[in-house]
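Asks: Take a look at the following structure, please.
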Amino acid sequence: MPASPTRPTYSRADLPELAKLDRAAILDAFGSFDERGMDDATFALRAAMLFDGERVPGLAAAFAESDADAVGRAVYAACAARAAHASLPEPMRDAKRQADELLEHRFTFYDETHQLPAEIDWDFNPGTAHWGHDLNRFSYLRPLTSAWQTTGDRRYARKAAELMLDWVAKADIGKAFVGTPYVFGSYLNNAIHCRMWAVCIAQLLRDDVLEPIELLRLCKSLHDQLCYLEIVTHGHAGNWPTIGCMGMLGVLEHLPVLRDTSRFADHCIQTMDVQIKAQILPDGAQMELTPHYHRVVVNNLIGAARSLRALGLSLTADTLARMKLAVHYAQQTVTHHSGAPVAYNESAPASVANFAPALDELGLADFLREPAELGPELFPYAGVALLRQRATEGDLYLAFDAGPFGSGHQHEDMLGFWLHAYGRDFLVDPGRHLYDWSEKSFLAHLRSTAAHSTITIDQRDQHARGRRDTWVAKAPCPIDWRADEHVVRAAAQYDLGYGEDNAIDVVHRREIVFVRQRFWLVFDRVTGAGPHRIDLRVQYAPPDGSVTLQGQTATTNFDDANLLLTTLATRAFDEATLAAGQRDPRRGWYSPSYGHVEPAPNLCLTTACELPWRAATLLLPYRGPDAPGVTFDFDGRDATISLAGMERITVRTTL
């Protein structure tokens with residue numbers, strides 16, 4: 001077998017030059033070849049050079065004899081031997097219905113279904129912006145193989161193979177660095193489907209469904225795509241390169257026969273090391289500061305660790321150390337009792353990750369803290385303060401988002417908060433809906449300050465987006481944090497200006513106090529010159545109609561548990577309104593998962609006055625349908641609460 005060719009090391013810095021290369025030059029840079037126009041025998045002999053002769057018994061002899069059929073059989077046997085011992089997912093339940101739809105080329109992603117013609121154009125998208133990406137991510141391979149496993153109907157397995165081979169036949173690797181709408185429009189598509197393909201191929205090999213020449217064509221495409229991913233992940237940032245590396249390693253885990261396996265694995269180990277050192281802040285939070293994508297990165301690390309273990313390799317010690325911090329942050333941003341995730345910024349509140357089984361399997365169970373260790377905590381670089389009960393004591397839980405904008409998937413929501421109590425999410429972040437700027441998408445509204453539990457000034461949002469230098473903390477955030485057995489408090493401020501040009505020079509300072517593990521007080525102070533309109537906003541969880549407003553006191557009306565909210569201010573509110581499902585302008589919407597949006601109550605308390613202005617809000621959760629008797633007073637400095645069963649309590653704000 002010829003030795004592996006030497007090739008330059010490319011990174012994202014070289015993308016402008018790579019975009020100028022033609023197909024032949026790109027394949028040469030990959031140490032590969034242009035297969036177009038070759039018959040099967042010629043292709044098989046050329047493809048043999050992409051495999052490691054030491055990992056494929058009999059390959060060298062077959063190549064030396066120019067025996068194309070023997071090359072195919074040798075590669076097939078080596079891959080099938082690995083597949084026989086691979087860890088593959090259990091068949092999905094009720095996969096047949098979805099698989100039957102796929103046989104007819106009806107594809108559904110996030111409840112959006114479209115019929116594609118017999119000849120699929122992989123860059124065609126009949127739906128919302130993300131639909132075309134999902135088509136190229138091949139998540140539908142699993143229901144097809146599941147239906148094959150549970151029914152024995154070979155049509156399902158062959159459809160899985162045919163869809164992969166169709167993509168291979170039509171995707172032009174020569175356009176990888178120029179880009180196409182979806183085939184090479186996002187390298188996440190390639191990374192995700194490479195892993196999907198590898199798992200599917202292992203299943204098809206185990207069931208003896210593929211032909212040797214088909215396996216060679218799939219492996220050749222995977223080799224070339226891994227070369228592409230090696231370049232585009234080199235020097236990138238955010239959660240993407242971790243997805244890219246996990247995808248590469250997923251291929252190597254299930255098909256560890258490629259000539260460049262060791263080089264690809266080393267690239268992934270080193271890239272993960274660089275990325276995690278840069279992305280995971282000293283307190284364990286991922287720099288996008290979005291719990292959903294934080295959990296994505298943790299999951300990518302777990303997936304990478306699992307694949308590397310199958311290869312006899314591991315992540316670096318430094319990566320594992322940061323991973324442990326990240327697991328703790330992920331654990332703290334999920335309520336212990338109900339598993340409800342804290343879902344601020346572009347998160348999916350309905351998506352809950354359970355890392356415990358995977359960590360246990362990897363021998364990393366000690367990365368998880370015991371419930372007694374989960375309680376009030378400040379993450380100073382993320383700027384997230386958890387004013388909560390200890391997990392062993394109850395589930396009263398408030399997450400105060402008092403930190404920077406984050407490096408991606410951001411909302412203009414500083415000083416907003418998320419509240420869970422007695423098994424219910426009461427006050428929430430509104431989610432993301434669609435990554436789409438069409439009229440159908442609610443993304444722009446859901447990102448706005450007006451959609452969050454914080455303050456707008458003169459009907460204008462915060463504009464941290466305009467201050468890129470502040471997006472990621474380089475030192476602990478200036479948050480006042482104090483915690484003892486009776487009181488937990490955190491205070492911070494937003495001072496970057498309001499409006500699209502950051503020109504409204506008003507400072508909002510907020511302090512939240514968790515009192516005796518029973519209720520929260522939210523103190524607000526707004527300072528600046530002259531008169532301004534202040535809108536104090538609170539976003540509730542659905543459903544519509546679950547909140548009753550009387551004056552400036554709002555109560556939910558569930559049978560099992562509820563929340564009483566009442567606000568007093570140094571200048572009385574001129575108006576208190578409650579809206580859900582309002583379309584013009586949009587107000588009162590919540591997206592529990594991608595592609596879904598529904599009405600949810602939004603409370604707005606409005607005043608127009610000279611600054612400074614102060615307010616205090618009582619957030620009192622309680623069990624059952626009947627609100628407890630409560631008296632609440634605020635003199636601009638002290639808030640006093642009289643509550644049945646407790647002595648009169650006075651809390652002074654530090655603002």
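Naming works like this for the structure tokens: A, B, ... for the chains as they're shown, residue 1 at the start of each chain, ligands 1 onward in shown order.
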Do you know which residues are at most 12 Å from segment 21-34 of chain A counting only C-alpha atoms, after dropping those on the same chain fewer than 4 positions away, and could you put them as a ChimeraX atom specification?

Replies: /A:2-10,14-17,38,42-51,171-178,217,219-231,258-260,264

Asks: Find, counting only C-alpha atoms, the residue in A:Ser87, A:Asn345, A:Thr654, A:Gln493 that gets nearest to Arg206 of chain A.

Replies: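 Smallest separation from Arg206 of chain A among the options: A:Ser87.
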
Asks: With distances taken over only C-alpha atoms, which of A:Leu521, A:Leu59, A:Ile534, A:Ala64 is nearest to Asp638 of chain A?

Replies: A:Leu521

Asks: Do you know which residues are at most 9 Å from Ala330 of chain A counting only C-alpha atoms, after dropping those on the same chain fewer than 6 positions away, and could you put them as a ChimeraX atom specification?

Replies: /A:284-285,291,294-295,298,341,353

Asks: Using all heavy atoms, can you export the residues from the last selection as an mmCIF file, in the first residue's frame?

Replies:
```
data_model
loop_
_atom_site.group_PDB
_atom_site.id
_atom_site.type_symbol
_atom_site.label_atom_id
_atom_site.label_comp_id
_atom_site.auth_asym_id
_atom_site.auth_seq_id
_atom_site.Cartn_x
_atom_site.Cartn_y
_atom_site.Cartn_z
ATOM 1 N N GLY A 284 -17.147 27.486 35.002
ATOM 2 C CA GLY A 284 -17.773 26.309 34.407
ATOM 3 C C GLY A 284 -18.808 26.596 33.352
ATOM 4 O O GLY A 284 -19.264 25.677 32.670
ATOM 5 N N ALA A 285 -19.222 27.856 33.178
ATOM 6 C CA ALA A 285 -20.240 28.186 32.185
ATOM 7 C C ALA A 285 -19.610 28.300 30.798
ATOM 8 O O ALA A 285 -18.517 28.840 30.644
ATOM 9 C CB ALA A 285 -20.925 29.499 32.546
ATOM 10 N N PRO A 291 -27.973 28.160 28.601
ATOM 11 C CA PRO A 291 -27.956 26.815 29.194
ATOM 12 C C PRO A 291 -28.182 25.686 28.198
ATOM 13 O O PRO A 291 -27.570 24.627 28.314
ATOM 14 C CB PRO A 291 -29.078 26.890 30.232
ATOM 15 C CG PRO A 291 -29.086 28.320 30.649
ATOM 16 C CD PRO A 291 -28.799 29.093 29.393
ATOM 17 N N HIS A 294 -24.985 25.270 26.398
ATOM 18 C CA HIS A 294 -24.029 24.751 27.378
ATOM 19 C C HIS A 294 -24.177 23.237 27.473
ATOM 20 O O HIS A 294 -23.179 22.499 27.429
ATOM 21 C CB HIS A 294 -24.283 25.386 28.742
ATOM 22 C CG HIS A 294 -23.391 24.869 29.822
ATOM 23 N ND1 HIS A 294 -22.245 25.517 30.217
ATOM 24 C CD2 HIS A 294 -23.452 23.738 30.585
ATOM 25 C CE1 HIS A 294 -21.651 24.815 31.170
ATOM 26 N NE2 HIS A 294 -22.366 23.731 31.408
ATOM 27 N N ARG A 295 -25.421 22.766 27.558
ATOM 28 C CA ARG A 295 -25.643 21.327 27.643
ATOM 29 C C ARG A 295 -25.253 20.628 26.344
ATOM 30 O O ARG A 295 -24.816 19.474 26.356
ATOM 31 C CB ARG A 295 -27.103 21.048 28.017
ATOM 32 C CG ARG A 295 -27.427 21.437 29.460
ATOM 33 C CD ARG A 295 -28.785 20.948 29.892
ATOM 34 N NE ARG A 295 -29.858 21.762 29.378
ATOM 35 C CZ ARG A 295 -30.338 22.850 29.981
ATOM 36 N NH1 ARG A 295 -29.801 23.272 31.126
ATOM 37 N NH2 ARG A 295 -31.338 23.521 29.457
ATOM 38 N N VAL A 298 -21.535 20.083 26.660
ATOM 39 C CA VAL A 298 -21.265 18.974 27.583
ATOM 40 C C VAL A 298 -21.563 17.646 26.905
ATOM 41 O O VAL A 298 -20.790 16.683 27.012
ATOM 42 C CB VAL A 298 -22.084 19.128 28.883
ATOM 43 C CG1 VAL A 298 -21.950 17.879 29.752
ATOM 44 C CG2 VAL A 298 -21.623 20.356 29.661
ATOM 45 N N PRO A 341 -35.289 22.610 33.218
ATOM 46 C CA PRO A 341 -34.058 23.351 32.947
ATOM 47 C C PRO A 341 -34.259 24.855 33.035
ATOM 48 O O PRO A 341 -35.321 25.375 32.687
ATOM 49 C CB PRO A 341 -33.725 22.940 31.505
ATOM 50 C CG PRO A 341 -35.057 22.716 30.884
ATOM 51 C CD PRO A 341 -35.948 22.182 31.988
ATOM 52 N N ALA A 353 -31.600 17.369 29.627
ATOM 53 C CA ALA A 353 -30.525 16.392 29.429
ATOM 54 C C ALA A 353 -30.196 15.708 30.751
ATOM 55 O O ALA A 353 -30.086 16.364 31.784
ATOM 56 C CB ALA A 353 -29.288 17.087 28.872
#
```

Asks: Got a sec: who's within 10 Å of Trp167 of chain A, counting only C-alpha atoms, leaving out chain neighbours fewer than 5 positions off, as a PDB file with N, CA and C atoms, in the first residue's frame?

Replies:
```pdb
ATOM      1  N   ILE A 120     -34.192  13.738  -5.187  1.00  0.00           N
ATOM      2  CA  ILE A 120     -34.019  14.770  -4.162  1.00  0.00           C
ATOM      3  C   ILE A 120     -32.921  15.743  -4.566  1.00  0.00           C
ATOM      4  N   ASP A 121     -33.235  17.023  -4.470  1.00  0.00           N
ATOM      5  CA  ASP A 121     -32.225  18.074  -4.571  1.00  0.00           C
ATOM      6  C   ASP A 121     -31.868  18.442  -3.137  1.00  0.00           C
ATOM      7  N   TRP A 122     -30.684  18.064  -2.714  1.00  0.00           N
ATOM      8  CA  TRP A 122     -30.313  18.219  -1.307  1.00  0.00           C
ATOM      9  C   TRP A 122     -30.109  19.677  -0.907  1.00  0.00           C
ATOM     10  N   ASN A 136     -30.362  17.636   5.596  1.00  0.00           N
ATOM     11  CA  ASN A 136     -28.979  17.222   5.378  1.00  0.00           C
ATOM     12  C   ASN A 136     -28.312  16.669   6.626  1.00  0.00           C
ATOM     13  N   GLU A 162     -29.835   3.975   0.471  1.00  0.00           N
ATOM     14  CA  GLU A 162     -30.038   4.727  -0.772  1.00  0.00           C
ATOM     15  C   GLU A 162     -29.999   6.231  -0.546  1.00  0.00           C
ATOM     16  N   ASP A 172     -21.223  17.887  -4.287  1.00  0.00           N
ATOM     17  CA  ASP A 172     -19.958  18.230  -4.950  1.00  0.00           C
ATOM     18  C   ASP A 172     -18.977  18.756  -3.920  1.00  0.00           C
ATOM     19  N   VAL A 183     -26.110  21.712   1.488  1.00  0.00           N
ATOM     20  CA  VAL A 183     -25.167  20.592   1.427  1.00  0.00           C
ATOM     21  C   VAL A 183     -23.845  20.987   2.071  1.00  0.00           C
ATOM     22  N   LEU A 218     -19.379   5.104   0.450  1.00  0.00           N
ATOM     23  CA  LEU A 218     -19.715   5.846   1.665  1.00  0.00           C
ATOM     24  C   LEU A 218     -18.458   6.205   2.454  1.00  0.00           C
ATOM     25  N   SER A 221     -16.560   9.091   0.799  1.00  0.00           N
ATOM     26  CA  SER A 221     -17.205  10.366   1.089  1.00  0.00           C
ATOM     27  C   SER A 221     -16.941  10.799   2.527  1.00  0.00           C
TER      28      SER A 221
END
```

Asks: Mind checking DSSP for segment 60-177 of chain A and telling me the strand (DSSP E) residues as a PyMOL selection string?

Replies: chain A and resi 106-109+112-115

Asks: Let's have the selection written as a CSV table (one decimal), in the first residue's frame, with C-alpha atoms.

Replies:
```csv
chain,number,residue,atom,x,y,z
A,106,ARG,CA,-42.2,12.8,3.2
A,107,PHE,CA,-39.8,14.3,5.6
A,108,THR,CA,-40.8,15.9,8.9
A,109,PHE,CA,-38.6,18.1,11.1
A,112,GLU,CA,-43.1,20.6,9.6
A,113,THR,CA,-43.7,18.0,6.9
A,114,HIS,CA,-42.9,18.4,3.2
A,115,GLN,CA,-43.1,15.9,0.3
```

Asks: Measure the distance from atom CA of Phe405 of chain A to atom CA of Met287 of chain A in Å and round it to one decimal.

Replies: 9.5 Å

Asks: Between A:Ala491, A:Ala391, A:Ile280, A:Ala81, which is the closest to Val334 of chain A once you count only C-alpha atoms?

Replies: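 Checking each candidate against Val334 of chain A, we get A:Ala391 as the closest.
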
Asks: Give me, as a VMD selection string, the residues of segment 217-305 of chain A that a backbone DSSP run labels helix (DSSP H, G or I).

Replies: chain A and resid 217 to 232 240 to 254 261 to 279 291 to 305

Asks: Save the residues we just selected, C-alpha atoms, as a PDB file, in the first residue's frame?

Replies:
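Contents of again-v5.pdb, as written:
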```pdb
ATOM      1  CA  ARG A 217     -18.330   4.861  -1.722  1.00  0.00           C
ATOM      2  CA  LEU A 218     -19.715   5.846   1.665  1.00  0.00           C
ATOM      3  CA  CYS A 219     -16.292   5.537   3.325  1.00  0.00           C
ATOM      4  CA  LYS A 220     -14.649   7.601   0.589  1.00  0.00           C
ATOM      5  CA  SER A 221     -17.205  10.366   1.089  1.00  0.00           C
ATOM      6  CA  LEU A 222     -16.768  10.195   4.859  1.00  0.00           C
ATOM      7  CA  HIS A 223     -12.994  10.457   4.486  1.00  0.00           C
ATOM      8  CA  ASP A 224     -13.335  13.567   2.328  1.00  0.00           C
ATOM      9  CA  GLN A 225     -15.869  15.143   4.668  1.00  0.00           C
ATOM     10  CA  LEU A 226     -13.620  14.494   7.668  1.00  0.00           C
ATOM     11  CA  CYS A 227     -10.817  16.279   5.827  1.00  0.00           C
ATOM     12  CA  TYR A 228     -13.193  19.192   5.272  1.00  0.00           C
ATOM     13  CA  LEU A 229     -14.265  19.181   8.940  1.00  0.00           C
ATOM     14  CA  GLU A 230     -10.636  19.035  10.051  1.00  0.00           C
ATOM     15  CA  ILE A 231     -10.052  22.349   8.299  1.00  0.00           C
ATOM     16  CA  VAL A 232     -13.236  24.239   9.149  1.00  0.00           C
ATOM     17  CA  TRP A 240     -19.754  24.381  16.491  1.00  0.00           C
ATOM     18  CA  PRO A 241     -16.210  22.962  16.587  1.00  0.00           C
ATOM     19  CA  THR A 242     -17.160  20.675  19.474  1.00  0.00           C
ATOM     20  CA  ILE A 243     -20.008  19.330  17.321  1.00  0.00           C
ATOM     21  CA  GLY A 244     -17.564  19.004  14.428  1.00  0.00           C
ATOM     22  CA  CYS A 245     -15.109  16.998  16.498  1.00  0.00           C
ATOM     23  CA  MET A 246     -17.817  14.786  17.966  1.00  0.00           C
ATOM     24  CA  GLY A 247     -19.020  14.047  14.429  1.00  0.00           C
ATOM     25  CA  MET A 248     -15.513  13.170  13.268  1.00  0.00           C
ATOM     26  CA  LEU A 249     -14.885  10.929  16.250  1.00  0.00           C
ATOM     27  CA  GLY A 250     -18.235   9.192  15.752  1.00  0.00           C
ATOM     28  CA  VAL A 251     -17.043   8.091  12.315  1.00  0.00           C
ATOM     29  CA  LEU A 252     -13.705   6.899  13.681  1.00  0.00           C
ATOM     30  CA  GLU A 253     -15.411   4.977  16.485  1.00  0.00           C
ATOM     31  CA  HIS A 254     -17.616   2.963  14.141  1.00  0.00           C
ATOM     32  CA  THR A 261      -7.656   7.757  11.601  1.00  0.00           C
ATOM     33  CA  SER A 262      -4.798   8.668  13.949  1.00  0.00           C
ATOM     34  CA  ARG A 263      -4.397  12.134  12.463  1.00  0.00           C
ATOM     35  CA  PHE A 264      -8.137  12.846  12.646  1.00  0.00           C
ATOM     36  CA  ALA A 265      -8.318  11.626  16.249  1.00  0.00           C
ATOM     37  CA  ASP A 266      -5.328  13.713  17.303  1.00  0.00           C
ATOM     38  CA  HIS A 267      -6.868  16.779  15.639  1.00  0.00           C
ATOM     39  CA  CYS A 268     -10.086  16.261  17.597  1.00  0.00           C
ATOM     40  CA  ILE A 269      -8.292  15.770  20.913  1.00  0.00           C
ATOM     41  CA  GLN A 270      -6.205  18.905  20.440  1.00  0.00           C
ATOM     42  CA  THR A 271      -9.093  20.978  19.076  1.00  0.00           C
ATOM     43  CA  MET A 272     -11.298  19.991  21.997  1.00  0.00           C
ATOM     44  CA  ASP A 273      -8.508  20.959  24.371  1.00  0.00           C
ATOM     45  CA  VAL A 274      -8.090  24.399  22.795  1.00  0.00           C
ATOM     46  CA  GLN A 275     -11.817  24.976  22.475  1.00  0.00           C
ATOM     47  CA  ILE A 276     -12.780  23.946  25.983  1.00  0.00           C
ATOM     48  CA  LYS A 277     -10.028  26.059  27.526  1.00  0.00           C
ATOM     49  CA  ALA A 278     -11.400  29.037  25.589  1.00  0.00           C
ATOM     50  CA  GLN A 279     -15.120  28.273  25.868  1.00  0.00           C
ATOM     51  CA  PRO A 291     -27.956  26.815  29.194  1.00  0.00           C
ATOM     52  CA  HIS A 292     -29.291  24.846  26.214  1.00  0.00           C
ATOM     53  CA  TYR A 293     -26.067  25.242  24.234  1.00  0.00           C
ATOM     54  CA  HIS A 294     -24.029  24.751  27.378  1.00  0.00           C
ATOM     55  CA  ARG A 295     -25.643  21.327  27.643  1.00  0.00           C
ATOM     56  CA  VAL A 296     -24.951  20.762  23.926  1.00  0.00           C
ATOM     57  CA  VAL A 297     -21.235  21.295  24.562  1.00  0.00           C
ATOM     58  CA  VAL A 298     -21.265  18.974  27.583  1.00  0.00           C
ATOM     59  CA  ASN A 299     -23.017  16.361  25.473  1.00  0.00           C
ATOM     60  CA  ASN A 300     -20.395  16.838  22.748  1.00  0.00           C
ATOM     61  CA  LEU A 301     -17.648  16.248  25.292  1.00  0.00           C
ATOM     62  CA  ILE A 302     -19.363  13.099  26.525  1.00  0.00           C
ATOM     63  CA  GLY A 303     -19.806  11.858  22.958  1.00  0.00           C
ATOM     64  CA  ALA A 304     -16.179  12.602  22.148  1.00  0.00           C
ATOM     65  CA  ALA A 305     -14.989  10.848  25.307  1.00  0.00           C
TER      66      ALA A 305
END
```

Asks: What is the distance between atom CA of Pro89 of chain A and atom CA of Arg142 of chain A, in Å to one decimal?

Replies: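 One can read the atom CA of Pro89 of chain A to atom CA of Arg142 of chain A distance as 8.7 Å.
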
Asks: What is the atom CA of Leu398 of chain A-atom CA of Phe417 of chain A distance in Å, reported with one decimal?

Replies: 6.7 Å

Asks: Tell me which of A:Ala340, A:Ala492, A:Val651, A:Val56 sits closest to Gly383 of chain A, counting only C-alpha atoms.

Replies: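 For Gly383 of chain A, the nearest of the candidates is A:Ala492.
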
Asks: Hey, what's within 8 Å of Tyr156 of chain A if we count only C-alpha atoms and toss same-chain stuff fewer than 6 positions away? As a PyMOL selection string, please?

Replies: chain A and resi 99+103+144-145+147-148

Asks: Please list as a PDB file with N, CA and C atoms, in the first residue's frame every residue within 9 Å of Val506 of chain A, counting only C-alpha atoms and excluding residues in the same chain fewer than 5 positions away.

Replies:
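Output (out-v5.pdb):
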```pdb
ATOM      1  N   ILE A 457     -37.026  50.961  28.889  1.00  0.00           N
ATOM      2  CA  ILE A 457     -37.041  52.403  29.124  1.00  0.00           C
ATOM      3  C   ILE A 457     -37.521  53.101  27.854  1.00  0.00           C
ATOM      4  N   TYR A 494     -27.526  47.044  34.851  1.00  0.00           N
ATOM      5  CA  TYR A 494     -27.372  47.191  33.401  1.00  0.00           C
ATOM      6  C   TYR A 494     -27.130  48.666  33.127  1.00  0.00           C
ATOM      7  N   ASP A 495     -25.981  48.990  32.508  1.00  0.00           N
ATOM      8  CA  ASP A 495     -25.605  50.387  32.309  1.00  0.00           C
ATOM      9  C   ASP A 495     -25.047  50.651  30.907  1.00  0.00           C
ATOM     10  N   LEU A 496     -25.468  49.838  29.932  1.00  0.00           N
ATOM     11  CA  LEU A 496     -24.939  49.971  28.577  1.00  0.00           C
ATOM     12  C   LEU A 496     -25.808  50.834  27.676  1.00  0.00           C
ATOM     13  N   GLY A 497     -26.920  51.346  28.184  1.00  0.00           N
ATOM     14  CA  GLY A 497     -27.782  52.197  27.388  1.00  0.00           C
ATOM     15  C   GLY A 497     -28.915  51.440  26.727  1.00  0.00           C
ATOM     16  N   TYR A 498     -29.995  52.141  26.455  1.00  0.00           N
ATOM     17  CA  TYR A 498     -31.181  51.567  25.826  1.00  0.00           C
ATOM     18  C   TYR A 498     -31.368  52.159  24.440  1.00  0.00           C
ATOM     19  N   VAL A 526     -33.901  52.794  39.192  1.00  0.00           N
ATOM     20  CA  VAL A 526     -33.611  53.326  37.862  1.00  0.00           C
ATOM     21  C   VAL A 526     -33.131  54.758  38.023  1.00  0.00           C
ATOM     22  N   THR A 527     -31.963  55.050  37.487  1.00  0.00           N
ATOM     23  CA  THR A 527     -31.378  56.384  37.610  1.00  0.00           C
ATOM     24  C   THR A 527     -31.016  56.941  36.249  1.00  0.00           C
ATOM     25  N   GLY A 528     -30.997  58.267  36.153  1.00  0.00           N
ATOM     26  CA  GLY A 528     -30.669  58.961  34.918  1.00  0.00           C
ATOM     27  C   GLY A 528     -31.223  60.369  35.008  1.00  0.00           C
ATOM     28  N   ALA A 529     -31.088  61.129  33.946  1.00  0.00           N
ATOM     29  CA  ALA A 529     -31.532  62.519  33.943  1.00  0.00           C
ATOM     30  C   ALA A 529     -32.915  62.646  33.321  1.00  0.00           C
ATOM     31  N   HIS A 532     -38.678  59.755  32.238  1.00  0.00           N
ATOM     32  CA  HIS A 532     -38.629  58.606  31.339  1.00  0.00           C
ATOM     33  C   HIS A 532     -39.821  57.709  31.620  1.00  0.00           C
TER      34      HIS A 532
END
```

Asks: Of the candidates A:Leu210, A:Arg460, A:Asp413, A:Gly595, which shows the shortest atom-to-atom distance to Ala129 of chain A, using only C-alpha atoms?

Replies: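 Using only C-alpha atoms, the shortest distance to Ala129 of chain A belongs to A:Gly595.
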
Asks: Pick out the closest residue to Asp69 of chain A from this set: A:Ala157, A:Ala19, A:Tyr187, A:Ile213. Count only C-alpha atoms.

Replies: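 Looking only at the distances to Asp69 of chain A, the closest residue turns out to be A:Ile213.
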